[in-house]
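Take a look at the structure below.
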Amino acid sequence: MKKKSIRQFLQYIAVGGTCTTIDIIVLYLLTTLAGVHYLVSASCSFAIGIVLNWSLCSYWVFDYHKVKQQSKEFLCYVFISLFGLILNALLMWFFTEFFNLWFMISKAYSVSITLFYNFFTRKLLLHSK
């Protein structure tokens, strides 16, 4: 990996850590306090994370944008994220239902896996020359 890509990946981890913290807080609050099913809560919290992640990545992580119009770039980001959401939900379901893990532990595993998908897909499709 080039130095720039390593820097971007480390910045992406920082952004992802912030977004994941917010994602997990929203997931926990919706599920435990509001009584929303954990997969619905995960979808809502993930959506909030998408908007925050795009905002922070657009202004701090990636300096090159293939798509010059922000609204179009955001739409592409959302489409990439939708697959990430499906992957995240399937992984959460798998870890929770088949391994009988607490949904918050399942979330940690799911996030760890989707981190790589999200970074490399976004970098390749939206932020590389």
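By convention here, the chains of the structure tokens are called A, B, ... in the order presented, each chain's residues are numbered starting at 1, and ligands are numbered starting at 1 in the order presented.
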(Q) Give me the residues near A:Leu52 as a PyMOL selection string, where near means some atom within 8 Å (using only C-alpha atoms) and where sequence neighbours in that chain fewer than 4 positions away do not count. (A) chain A and resi 19+48+56
Q) Got a sec: who's within 9 Å of A:Tyr28, counting only C-alpha atoms, leaving out chain neighbours fewer than 6 positions off, as a ChimeraX atom specification? A) /A:38,41-42,104
Save the residues we just selected, C-alpha atoms, as an mmCIF file, in the first residue's frame?
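Once written, selection-v6.cif looks like this:
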data_model
loop_
_atom_site.group_PDB
_atom_site.id
_atom_site.type_symbol
_atom_site.label_atom_id
_atom_site.label_comp_id
_atom_site.auth_asym_id
_atom_site.auth_seq_id
_atom_site.Cartn_x
_atom_site.Cartn_y
_atom_site.Cartn_z
ATOM 1 C CA TYR A 38 -32.118 -5.408 16.995
ATOM 2 C CA SER A 41 -32.228 -0.769 15.253
ATOM 3 C CA ALA A 42 -29.060 -1.809 13.422
ATOM 4 C CA MET A 104 -23.687 -6.008 20.703
#
Q: Find the residues around A:Leu126 up to 7 Å (only C-alpha atoms counted), leave out those fewer than 2 positions away in its own chain, and share them as JSON, numbers by chain.
A: {"A": [65, 66, 67, 122, 123, 124, 128]}
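The smallest atom-to-atom distance between A:Thr31 and any of A:Phe103, A:Thr18, A:Ser5, A:Phe46, using only C-alpha atoms, is found for A:Phe103.
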Q. Near A:Ile13, within 10 Å and counting only C-alpha atoms, which residues show up once chain neighbours fewer than 6 positions away are dropped, as a ChimeraX atom specification?
A. /A:7,19-20,61,115-116,119
Residues within 7 Å of A:Phe62, only C-alpha atoms, excluding chain neighbours under 5 positions, as a CSV table (one decimal) with N, CA, C and O atoms, in the first residue's frame:
chain,number,residue,atom,x,y,z
A,8,GLN,N,-4.8,7.4,4.5
A,8,GLN,CA,-6.2,7.5,4.3
A,8,GLN,C,-6.9,6.3,5.1
A,8,GLN,O,-7.9,6.6,5.7
A,57,CYS,N,-15.5,11.7,5.7
A,57,CYS,CA,-14.6,11.2,4.7
A,57,CYS,C,-14.4,12.2,3.6
A,57,CYS,O,-13.3,12.4,3.0
A,127,HIS,N,-12.8,7.4,-5.0
A,127,HIS,CA,-11.7,8.3,-4.6
A,127,HIS,C,-10.3,7.9,-5.2
A,127,HIS,O,-9.3,8.3,-4.6
Given only C-alpha atoms, how would the per-residue table for stretch 53-114 of chain A near stretch 21-25 of chain A read, listing every residue at most 10 Å away with its closest atom pair and distance in Å to one decimal, sorted by chain and number, as CSV?
residue,atom,partner,partner_atom,distance
A:Met104,CA,A:Ile24,CA,7.7
A:Lys107,CA,A:Ile24,CA,7.8
A:Ala108,CA,A:Ile24,CA,8.8
A:Val111,CA,A:Ile24,CA,9.9
Generate the output file for the selected residues, N, CA and C atoms, as a PDB file, in the first residue's frame.
ATOM      1  N   MET A 104     -24.755  -7.013  20.709  1.00  0.00           N
ATOM      2  CA  MET A 104     -23.687  -6.008  20.703  1.00  0.00           C
ATOM      3  C   MET A 104     -22.334  -6.640  20.329  1.00  0.00           C
ATOM      4  N   LYS A 107     -22.473  -7.144  16.675  1.00  0.00           N
ATOM      5  CA  LYS A 107     -22.229  -5.863  16.007  1.00  0.00           C
ATOM      6  C   LYS A 107     -20.736  -5.604  15.875  1.00  0.00           C
ATOM      7  N   ALA A 108     -19.978  -5.879  16.929  1.00  0.00           N
ATOM      8  CA  ALA A 108     -18.529  -5.655  16.888  1.00  0.00           C
ATOM      9  C   ALA A 108     -17.879  -6.503  15.791  1.00  0.00           C
ATOM     10  N   VAL A 111     -18.984  -5.078  12.292  1.00  0.00           N
ATOM     11  CA  VAL A 111     -18.306  -3.817  11.973  1.00  0.00           C
ATOM     12  C   VAL A 111     -16.874  -4.082  11.519  1.00  0.00           C
TER      13      VAL A 111
END
Q) If you run DSSP on the backbone, which residues of chain A are helix (DSSP H, G or I), as a ChimeraX atom specification? A) /A:3-33,38-61,70-98,103-126
(Q) Rounded to one decimal, what separation in Å do you get between atom CA of A:Met92 and atom CA of A:Tyr109? (A)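 Value for the atom CA of A:Met92-atom CA of A:Tyr109 distance: 7.8 Å.
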Q: Rank A:Leu33, A:Leu27, A:Leu91, A:Leu85 by their smallest atom-to-atom distance to A:Ile50, using only C-alpha atoms, and report the top residue only.
A: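 Smallest separation from A:Ile50 among the options: A:Leu85.
Using only C-alpha atoms, the shortest contact distance between A:Phe9 and any of A:Trp60, A:Leu101, A:Val78, A:Gly84 is found at A:Trp60.
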**Q.** Within 12 Å of A:Leu82 using only C-alpha atoms, minus same-chain residues under 5 positions, as a list in words
**A.** Ser43, Cys44, Phe46, Ala47, Gly49, Ile50, Leu75, Cys76, Tyr77, Leu87, Asn88, Ala89, Thr114, Tyr117 and Asn118 of chain A
Please produce a file of those selected residues containing C-alpha atoms, as an mmCIF file, in the first residue's frame.
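Wrote out-v7.cif, looks like this:
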data_model
loop_
_atom_site.group_PDB
_atom_site.id
_atom_site.type_symbol
_atom_site.label_atom_id
_atom_site.label_comp_id
_atom_site.auth_asym_id
_atom_site.auth_seq_id
_atom_site.Cartn_x
_atom_site.Cartn_y
_atom_site.Cartn_z
ATOM 1 C CA SER A 43 -30.466 -0.508 10.126
ATOM 2 C CA CYS A 44 -31.403 2.855 11.654
ATOM 3 C CA PHE A 46 -26.188 2.223 10.301
ATOM 4 C CA ALA A 47 -28.048 4.844 8.218
ATOM 5 C CA GLY A 49 -23.482 6.311 10.412
ATOM 6 C CA ILE A 50 -23.554 6.528 6.600
ATOM 7 C CA LEU A 75 -25.883 8.923 -3.790
ATOM 8 C CA CYS A 76 -23.059 6.607 -4.909
ATOM 9 C CA TYR A 77 -21.891 6.443 -1.297
ATOM 10 C CA LEU A 87 -23.684 -7.407 4.804
ATOM 11 C CA ASN A 88 -23.748 -5.920 8.315
ATOM 12 C CA ALA A 89 -27.291 -7.163 9.006
ATOM 13 C CA THR A 114 -17.614 -4.356 6.889
ATOM 14 C CA TYR A 117 -15.430 -3.648 2.403
ATOM 15 C CA ASN A 118 -16.461 -0.015 2.934
#
Q. Could you state the separation of atom CA of A:Ile80 and atom CA of A:Thr121 in Å, given to one decimal place?
A. 7.4 Å
